[in-house]
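A quick write-up on the structure given underneath.
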Amino acid sequence: MTRAPEHDEPHGAGLGTRLNWLRAAVLGANDGVVSTAGLVVGVAGATGDRGALLTAGLAGLLAGSLSMAAGEYVSVSTQRDSEKAALATEKRELQETPEAELAELTGLLEGKGLSREVAREAAVQLTERDALRAHAEVELGIDPDDLTNPWHAAGASFLAFTVGALLPLLAIVLPPATARVPVTVLSVLAVLAVTGWWSARLGEAAAGPAVLRNMGGGAVAMAVTYGAGHLLGAAGV
């Protein structure tokens, strides 16, 4: 008897979760690039002092990364609280009305395309094995053993933003004064092209429009902040 070949291809919620984290990391890095580039290019429009550029860039990096981390922590904590509350409600309903919950699970499985008889048998077996897990996964779309982690989310956002912000910061302080803005602009646009392409690939969308939108948004941000900085610098503000 020939065994079917085994493979480790990821499926279901696990794959979706990993793709969501990866997409969030790309977008976080993209935010770090654009916001920090706009800040340092704006300051460069007003002054060529390396110390001022470094100070502004570091302040923007820390403020942005900490803000992203805090926001992600609050958001994911709220999601985790909702998941825990939903699981608690489901656990109570299983204890108080087990037959109604079995009928509900049968209906959910039947709605996925199973016949009534097969759905009923599957519901019975799933309930006997682990009723709470069965309802959590089928009804709520939650893995009880893999709830969202706010600390992981905060750390990932902090790291992604910091990595993205380092590029424009280094690009504005390392080159000679006359090359700082051109080097920064070209470096940022190149990275935005890559992140735009990657985001489109993760979403299985056309890469061209995503790359142009990403680069266009970054170019506008840097042009506006540079212009504002130049005007303020010329006015002696």
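Following the order of the structure tokens, chains are lettered A, B, ..., residues in each are numbered from 1, and ligands are numbered from 1.
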
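Neighbours of Thr184 (chain A) closer than or equal to 6 Å, with only C-alpha atoms counted and sequence neighbours fewer than 3 positions away skipped, come out as Pro168, Ala171, Ile172, Val181, Ser187 and Val188 of chain A.
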
Per residue of region 120-201 of chain A within 12 Å of region 38-61 of chain A, what are the shortest atom pair and its distance in Å to one decimal, counting only C-alpha atoms, with rows by chain and residue number, as JSON lines?
{"residue": "A:Phe158", "atom": "CA", "partner": "A:Leu61", "partner_atom": "CA", "distance": 9.7}
{"residue": "A:Leu159", "atom": "CA", "partner": "A:Leu61", "partner_atom": "CA", "distance": 10.7}
{"residue": "A:Ala160", "atom": "CA", "partner": "A:Leu61", "partner_atom": "CA", "distance": 11.1}
{"residue": "A:Phe161", "atom": "CA", "partner": "A:Leu61", "partner_atom": "CA", "distance": 7.7}
{"residue": "A:Thr162", "atom": "CA", "partner": "A:Leu61", "partner_atom": "CA", "distance": 6.3}
{"residue": "A:Val163", "atom": "CA", "partner": "A:Leu61", "partner_atom": "CA", "distance": 9.3}
{"residue": "A:Gly164", "atom": "CA", "partner": "A:Leu61", "partner_atom": "CA", "distance": 9.0}
{"residue": "A:Ala165", "atom": "CA", "partner": "A:Leu61", "partner_atom": "CA", "distance": 5.8}
{"residue": "A:Leu166", "atom": "CA", "partner": "A:Leu61", "partner_atom": "CA", "distance": 7.6}
{"residue": "A:Leu167", "atom": "CA", "partner": "A:Gly57", "partner_atom": "CA", "distance": 10.3}
{"residue": "A:Pro168", "atom": "CA", "partner": "A:Val40", "partner_atom": "CA", "distance": 7.5}
{"residue": "A:Leu169", "atom": "CA", "partner": "A:Gly57", "partner_atom": "CA", "distance": 5.5}
{"residue": "A:Leu170", "atom": "CA", "partner": "A:Leu54", "partner_atom": "CA", "distance": 8.6}
{"residue": "A:Ala171", "atom": "CA", "partner": "A:Val40", "partner_atom": "CA", "distance": 9.6}
{"residue": "A:Ile172", "atom": "CA", "partner": "A:Val40", "partner_atom": "CA", "distance": 7.0}
{"residue": "A:Val173", "atom": "CA", "partner": "A:Arg50", "partner_atom": "CA", "distance": 6.0}
{"residue": "A:Leu174", "atom": "CA", "partner": "A:Arg50", "partner_atom": "CA", "distance": 8.8}
{"residue": "A:Pro175", "atom": "CA", "partner": "A:Arg50", "partner_atom": "CA", "distance": 10.1}
{"residue": "A:Pro176", "atom": "CA", "partner": "A:Arg50", "partner_atom": "CA", "distance": 9.7}
{"residue": "A:Ala177", "atom": "CA", "partner": "A:Gly48", "partner_atom": "CA", "distance": 6.6}
{"residue": "A:Thr178", "atom": "CA", "partner": "A:Gly48", "partner_atom": "CA", "distance": 8.9}
{"residue": "A:Ala179", "atom": "CA", "partner": "A:Gly48", "partner_atom": "CA", "distance": 10.8}
{"residue": "A:Arg180", "atom": "CA", "partner": "A:Ala44", "partner_atom": "CA", "distance": 8.2}
{"residue": "A:Val181", "atom": "CA", "partner": "A:Val41", "partner_atom": "CA", "distance": 6.5}
{"residue": "A:Pro182", "atom": "CA", "partner": "A:Val41", "partner_atom": "CA", "distance": 9.7}
{"residue": "A:Val183", "atom": "CA", "partner": "A:Val41", "partner_atom": "CA", "distance": 10.7}
{"residue": "A:Thr184", "atom": "CA", "partner": "A:Val41", "partner_atom": "CA", "distance": 7.8}
{"residue": "A:Val185", "atom": "CA", "partner": "A:Val41", "partner_atom": "CA", "distance": 8.3}
{"residue": "A:Leu186", "atom": "CA", "partner": "A:Val41", "partner_atom": "CA", "distance": 12.0}
{"residue": "A:Val188", "atom": "CA", "partner": "A:Gly38", "partner_atom": "CA", "distance": 10.0}
{"residue": "A:Leu189", "atom": "CA", "partner": "A:Gly38", "partner_atom": "CA", "distance": 11.9}

Same residues, N, CA, C and O atoms, saved as a compact mmCIF listing (two decimals), in the first residue's frame:
# COMPACT_ATOMS: atom_id res chain seq x y z
N PHE A 158 7.46 47.90 17.46
CA PHE A 158 8.62 48.71 17.85
C PHE A 158 9.82 48.40 16.95
O PHE A 158 10.49 49.30 16.44
N LEU A 159 10.09 47.11 16.76
CA LEU A 159 11.24 46.70 15.96
C LEU A 159 11.08 47.10 14.50
O LEU A 159 12.01 47.61 13.88
N ALA A 160 9.87 46.87 13.94
CA ALA A 160 9.65 47.19 12.53
C ALA A 160 9.81 48.68 12.27
O ALA A 160 10.47 49.10 11.31
N PHE A 161 9.23 49.51 13.13
CA PHE A 161 9.34 50.96 12.95
C PHE A 161 10.79 51.41 13.08
O PHE A 161 11.28 52.23 12.30
N THR A 162 11.49 50.85 14.08
CA THR A 162 12.88 51.24 14.31
C THR A 162 13.76 50.89 13.11
O THR A 162 14.59 51.71 12.67
N VAL A 163 13.59 49.70 12.57
CA VAL A 163 14.38 49.29 11.41
C VAL A 163 14.11 50.22 10.23
O VAL A 163 15.04 50.65 9.54
N GLY A 164 12.83 50.54 10.01
CA GLY A 164 12.50 51.44 8.92
C GLY A 164 13.06 52.83 9.13
O GLY A 164 13.56 53.47 8.20
N ALA A 165 13.01 53.32 10.37
CA ALA A 165 13.45 54.69 10.66
C ALA A 165 14.97 54.85 10.57
O ALA A 165 15.47 55.96 10.33
N LEU A 166 15.71 53.77 10.78
CA LEU A 166 17.18 53.87 10.77
C LEU A 166 17.71 54.28 9.40
O LEU A 166 18.72 54.98 9.31
N LEU A 167 17.04 53.85 8.32
CA LEU A 167 17.55 54.16 6.98
C LEU A 167 17.63 55.67 6.72
O LEU A 167 18.71 56.19 6.41
N PRO A 168 16.52 56.41 6.82
CA PRO A 168 16.63 57.85 6.56
C PRO A 168 17.50 58.57 7.58
O PRO A 168 18.15 59.57 7.24
N LEU A 169 17.54 58.05 8.82
CA LEU A 169 18.39 58.69 9.82
C LEU A 169 19.86 58.58 9.44
O LEU A 169 20.61 59.57 9.48
N LEU A 170 20.30 57.38 9.06
CA LEU A 170 21.69 57.20 8.66
C LEU A 170 21.99 57.91 7.35
O LEU A 170 23.07 58.48 7.16
N ALA A 171 21.01 57.91 6.44
CA ALA A 171 21.22 58.54 5.13
C ALA A 171 21.37 60.05 5.23
O ALA A 171 22.04 60.67 4.38
N ILE A 172 20.79 60.66 6.26
CA ILE A 172 20.85 62.11 6.38
C ILE A 172 22.08 62.59 7.15
O ILE A 172 22.52 63.72 7.00
N VAL A 173 22.67 61.71 8.01
CA VAL A 173 23.79 62.17 8.84
C VAL A 173 25.15 61.68 8.35
O VAL A 173 26.18 62.28 8.69
N LEU A 174 25.18 60.61 7.56
CA LEU A 174 26.49 60.06 7.17
C LEU A 174 27.12 60.74 5.95
O LEU A 174 28.34 60.96 5.95
N PRO A 175 26.37 61.07 4.90
CA PRO A 175 27.00 61.67 3.72
C PRO A 175 27.47 63.10 3.98
O PRO A 175 27.09 63.72 4.98
N PRO A 176 28.29 63.64 3.06
CA PRO A 176 28.67 65.06 3.15
C PRO A 176 27.43 65.95 3.07
O PRO A 176 26.39 65.54 2.56
N ALA A 177 27.56 67.19 3.54
CA ALA A 177 26.42 68.10 3.63
C ALA A 177 25.71 68.28 2.30
O ALA A 177 24.47 68.30 2.23
N THR A 178 26.47 68.39 1.22
CA THR A 178 25.84 68.65 -0.09
C THR A 178 25.08 67.46 -0.64
O THR A 178 24.23 67.62 -1.51
N ALA A 179 25.37 66.26 -0.13
CA ALA A 179 24.74 65.05 -0.68
C ALA A 179 23.66 64.48 0.23
O ALA A 179 23.00 63.51 -0.12
N ARG A 180 23.45 65.09 1.40
CA ARG A 180 22.55 64.51 2.39
C ARG A 180 21.12 64.34 1.88
O ARG A 180 20.56 63.25 1.95
N VAL A 181 20.55 65.41 1.39
CA VAL A 181 19.15 65.33 0.95
C VAL A 181 18.99 64.43 -0.26
O VAL A 181 18.10 63.55 -0.27
N PRO A 182 19.83 64.56 -1.33
CA PRO A 182 19.67 63.64 -2.46
C PRO A 182 19.84 62.18 -2.09
O PRO A 182 19.06 61.32 -2.54
N VAL A 183 20.83 61.88 -1.25
CA VAL A 183 21.06 60.49 -0.84
C VAL A 183 19.86 59.96 -0.06
O VAL A 183 19.40 58.83 -0.27
N THR A 184 19.35 60.79 0.84
CA THR A 184 18.20 60.37 1.65
C THR A 184 16.98 60.13 0.78
O THR A 184 16.28 59.11 0.93
N VAL A 185 16.70 61.05 -0.12
CA VAL A 185 15.52 60.93 -0.98
C VAL A 185 15.60 59.67 -1.83
O VAL A 185 14.64 58.89 -1.92
N LEU A 186 16.75 59.45 -2.47
CA LEU A 186 16.90 58.28 -3.34
C LEU A 186 16.84 56.98 -2.54
O LEU A 186 16.21 56.00 -2.97
N VAL A 188 15.31 56.47 0.35
CA VAL A 188 13.95 56.27 0.84
C VAL A 188 13.04 55.79 -0.29
O VAL A 188 12.24 54.86 -0.11
N LEU A 189 13.15 56.39 -1.45
CA LEU A 189 12.30 55.97 -2.57
C LEU A 189 12.59 54.52 -2.97
O LEU A 189 11.68 53.78 -3.33

Item checked: Distance query region 148-154 of chain A at most 6 Å, only C-alpha atoms, self and fewer than 6 positions along chain excluded, as an MDAnalysis selection string -> chainID A and resid 69 72:73 76:77 80

Kindly save the residues from that selection, with all heavy atoms included, as a short mmCIF file (atom, residue, chain, number, x, y, z; two decimals), in the first residue's frame.
data_model
loop_
_atom_site.label_atom_id
_atom_site.label_comp_id
_atom_site.auth_asym_id
_atom_site.auth_seq_id
_atom_site.Cartn_x
_atom_site.Cartn_y
_atom_site.Cartn_z
N ALA A 69 4.37 50.98 19.32
CA ALA A 69 4.33 49.86 20.25
C ALA A 69 3.17 50.01 21.24
O ALA A 69 2.44 49.05 21.52
CB ALA A 69 5.66 49.75 21.01
N GLU A 72 -0.18 49.47 19.47
CA GLU A 72 -0.39 48.07 19.15
C GLU A 72 -0.70 47.27 20.41
O GLU A 72 -1.54 46.36 20.40
CB GLU A 72 0.84 47.50 18.45
CG GLU A 72 0.62 46.17 17.76
CD GLU A 72 -0.24 46.28 16.52
OE1 GLU A 72 -0.48 47.41 16.06
OE2 GLU A 72 -0.70 45.23 16.03
N TYR A 73 -0.04 47.61 21.50
CA TYR A 73 -0.29 46.90 22.76
C TYR A 73 -1.74 47.10 23.22
O TYR A 73 -2.42 46.14 23.61
CB TYR A 73 0.67 47.39 23.85
CG TYR A 73 0.42 46.73 25.18
CD1 TYR A 73 0.96 45.47 25.46
CD2 TYR A 73 -0.37 47.34 26.15
CE1 TYR A 73 0.72 44.84 26.67
CE2 TYR A 73 -0.62 46.72 27.37
CZ TYR A 73 -0.06 45.47 27.63
OH TYR A 73 -0.32 44.85 28.81
N VAL A 76 -4.20 45.24 20.67
CA VAL A 76 -4.19 43.78 20.76
C VAL A 76 -4.66 43.32 22.14
O VAL A 76 -5.27 42.26 22.27
CB VAL A 76 -2.78 43.24 20.44
CG1 VAL A 76 -2.72 41.74 20.63
CG2 VAL A 76 -2.42 43.58 19.00
N SER A 77 -4.40 44.12 23.18
CA SER A 77 -4.92 43.77 24.50
C SER A 77 -6.45 43.76 24.50
O SER A 77 -7.08 42.87 25.09
CB SER A 77 -4.42 44.77 25.55
OG SER A 77 -3.04 44.65 25.76
N ARG A 80 -7.51 40.63 22.75
CA ARG A 80 -7.32 39.46 23.61
C ARG A 80 -8.42 39.38 24.67
O ARG A 80 -8.94 38.30 24.97
CB ARG A 80 -5.94 39.51 24.26
CG ARG A 80 -5.60 38.29 25.11
CD ARG A 80 -4.25 38.46 25.78
NE ARG A 80 -3.91 37.32 26.62
CZ ARG A 80 -3.27 36.24 26.22
NH1 ARG A 80 -2.91 36.15 24.94
NH2 ARG A 80 -2.99 35.25 27.04
#

Next item on the list: Calculate how many Å separate CA of Asp145 (chain A) from CA of Leu202 (chain A), rounding to one decimal.
Entry: 26.0 Å

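Nearest residue to Ser67 (chain A), choosing from A:Gln125, A:Gly203, A:Asp31, A:Ser82 and counting only C-alpha atoms: A:Asp31.
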
Next item on the list: Write out as an MDAnalysis selection string which residues come within 9 Å of Ala221 (chain A) when counting only C-alpha atoms, dropping same-chain ones fewer than 6 positions away.
Entry: chainID A and resid 34:35 37:38

Margin query: So that I can check the surroundings of Ala86 (chain A), please list as a PyMOL selection string every protein, DNA and RNA residue that reaches within 12 Å of it, counting only C-alpha atoms and ignoring chain neighbours fewer than 2 positions away.
Written below: chain A and resi 79-84+88-93+132+135-137+139-144+147

Next item on the list: Pick out each residue of region 7-215 of chain A that DSSP on the backbone tags as alpha helix (DSSP H); I need them as a count of residues only.
Entry: 172

Margin query: Just to confirm, what's the straight-line distance from CA of Arg133 (chain A) to CA of Lys112 (chain A) in Å (one decimal)?
Written below: 17.5 Å

Next item on the list: Mind checking which residues fall within 12 Å of Ala193 (chain A), counting only C-alpha atoms, ignoring those fewer than 5 positions away in the same chain, and posting them as a PyMOL selection string?
Entry: chain A and resi 26+30+33-34+186-188+198-200+207-219

I need the chosen residues saved as a compact mmCIF listing (two decimals), in the first residue's frame, with N, CA and C atoms.
# COMPACT_ATOMS: atom_id res chain seq x y z
N VAL A 26 5.85 44.78 7.58
CA VAL A 26 6.19 45.57 6.39
C VAL A 26 5.62 46.97 6.49
N ASN A 30 7.51 50.55 6.83
CA ASN A 30 7.19 51.59 5.87
C ASN A 30 6.85 52.90 6.58
N VAL A 33 10.04 54.50 7.81
CA VAL A 33 10.79 55.14 6.72
C VAL A 33 10.19 56.50 6.38
N VAL A 34 8.88 56.53 6.12
CA VAL A 34 8.24 57.76 5.64
C VAL A 34 8.24 58.85 6.71
N LEU A 186 16.75 59.45 -2.47
CA LEU A 186 16.90 58.28 -3.34
C LEU A 186 16.84 56.98 -2.54
N SER A 187 17.46 56.97 -1.36
CA SER A 187 17.45 55.75 -0.52
C SER A 187 16.03 55.44 -0.07
N VAL A 188 15.31 56.47 0.35
CA VAL A 188 13.95 56.27 0.84
C VAL A 188 13.04 55.79 -0.29
N TRP A 198 6.49 44.34 -1.88
CA TRP A 198 6.30 43.25 -0.93
C TRP A 198 4.87 43.24 -0.39
N SER A 199 4.35 44.42 -0.08
CA SER A 199 2.97 44.50 0.41
C SER A 199 1.99 43.98 -0.63
N ALA A 200 2.22 44.34 -1.88
CA ALA A 200 1.34 43.88 -2.96
C ALA A 200 1.44 42.37 -3.11
N ALA A 207 1.66 44.65 -8.40
CA ALA A 207 2.76 45.34 -7.72
C ALA A 207 2.92 46.78 -8.21
N GLY A 208 2.70 47.01 -9.50
CA GLY A 208 2.95 48.34 -10.06
C GLY A 208 2.23 49.46 -9.34
N PRO A 209 0.90 49.42 -9.24
CA PRO A 209 0.18 50.49 -8.54
C PRO A 209 0.61 50.67 -7.10
N ALA A 210 0.88 49.55 -6.39
CA ALA A 210 1.28 49.63 -4.99
C ALA A 210 2.63 50.33 -4.86
N VAL A 211 3.56 50.00 -5.74
CA VAL A 211 4.89 50.63 -5.71
C VAL A 211 4.78 52.13 -5.99
N LEU A 212 3.98 52.49 -6.99
CA LEU A 212 3.83 53.91 -7.33
C LEU A 212 3.16 54.68 -6.20
N ARG A 213 2.14 54.08 -5.58
CA ARG A 213 1.48 54.76 -4.46
C ARG A 213 2.45 54.98 -3.31
N ASN A 214 3.22 53.94 -3.01
CA ASN A 214 4.17 54.03 -1.90
C ASN A 214 5.23 55.10 -2.15
N MET A 215 5.82 55.05 -3.33
CA MET A 215 6.86 56.02 -3.67
C MET A 215 6.27 57.43 -3.78
N GLY A 216 5.08 57.54 -4.36
CA GLY A 216 4.46 58.85 -4.50
C GLY A 216 4.15 59.49 -3.16
N GLY A 217 3.61 58.68 -2.23
CA GLY A 217 3.31 59.21 -0.90
C GLY A 217 4.56 59.67 -0.18
N GLY A 218 5.63 58.88 -0.26
CA GLY A 218 6.88 59.26 0.38
C GLY A 218 7.49 60.50 -0.24
N ALA A 219 7.43 60.59 -1.57
CA ALA A 219 7.99 61.75 -2.26
C ALA A 219 7.24 63.03 -1.88

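With CA of Ala123 (chain A) on one side and CA of Leu109 (chain A) on the other, the separation reads 7.5 Å.
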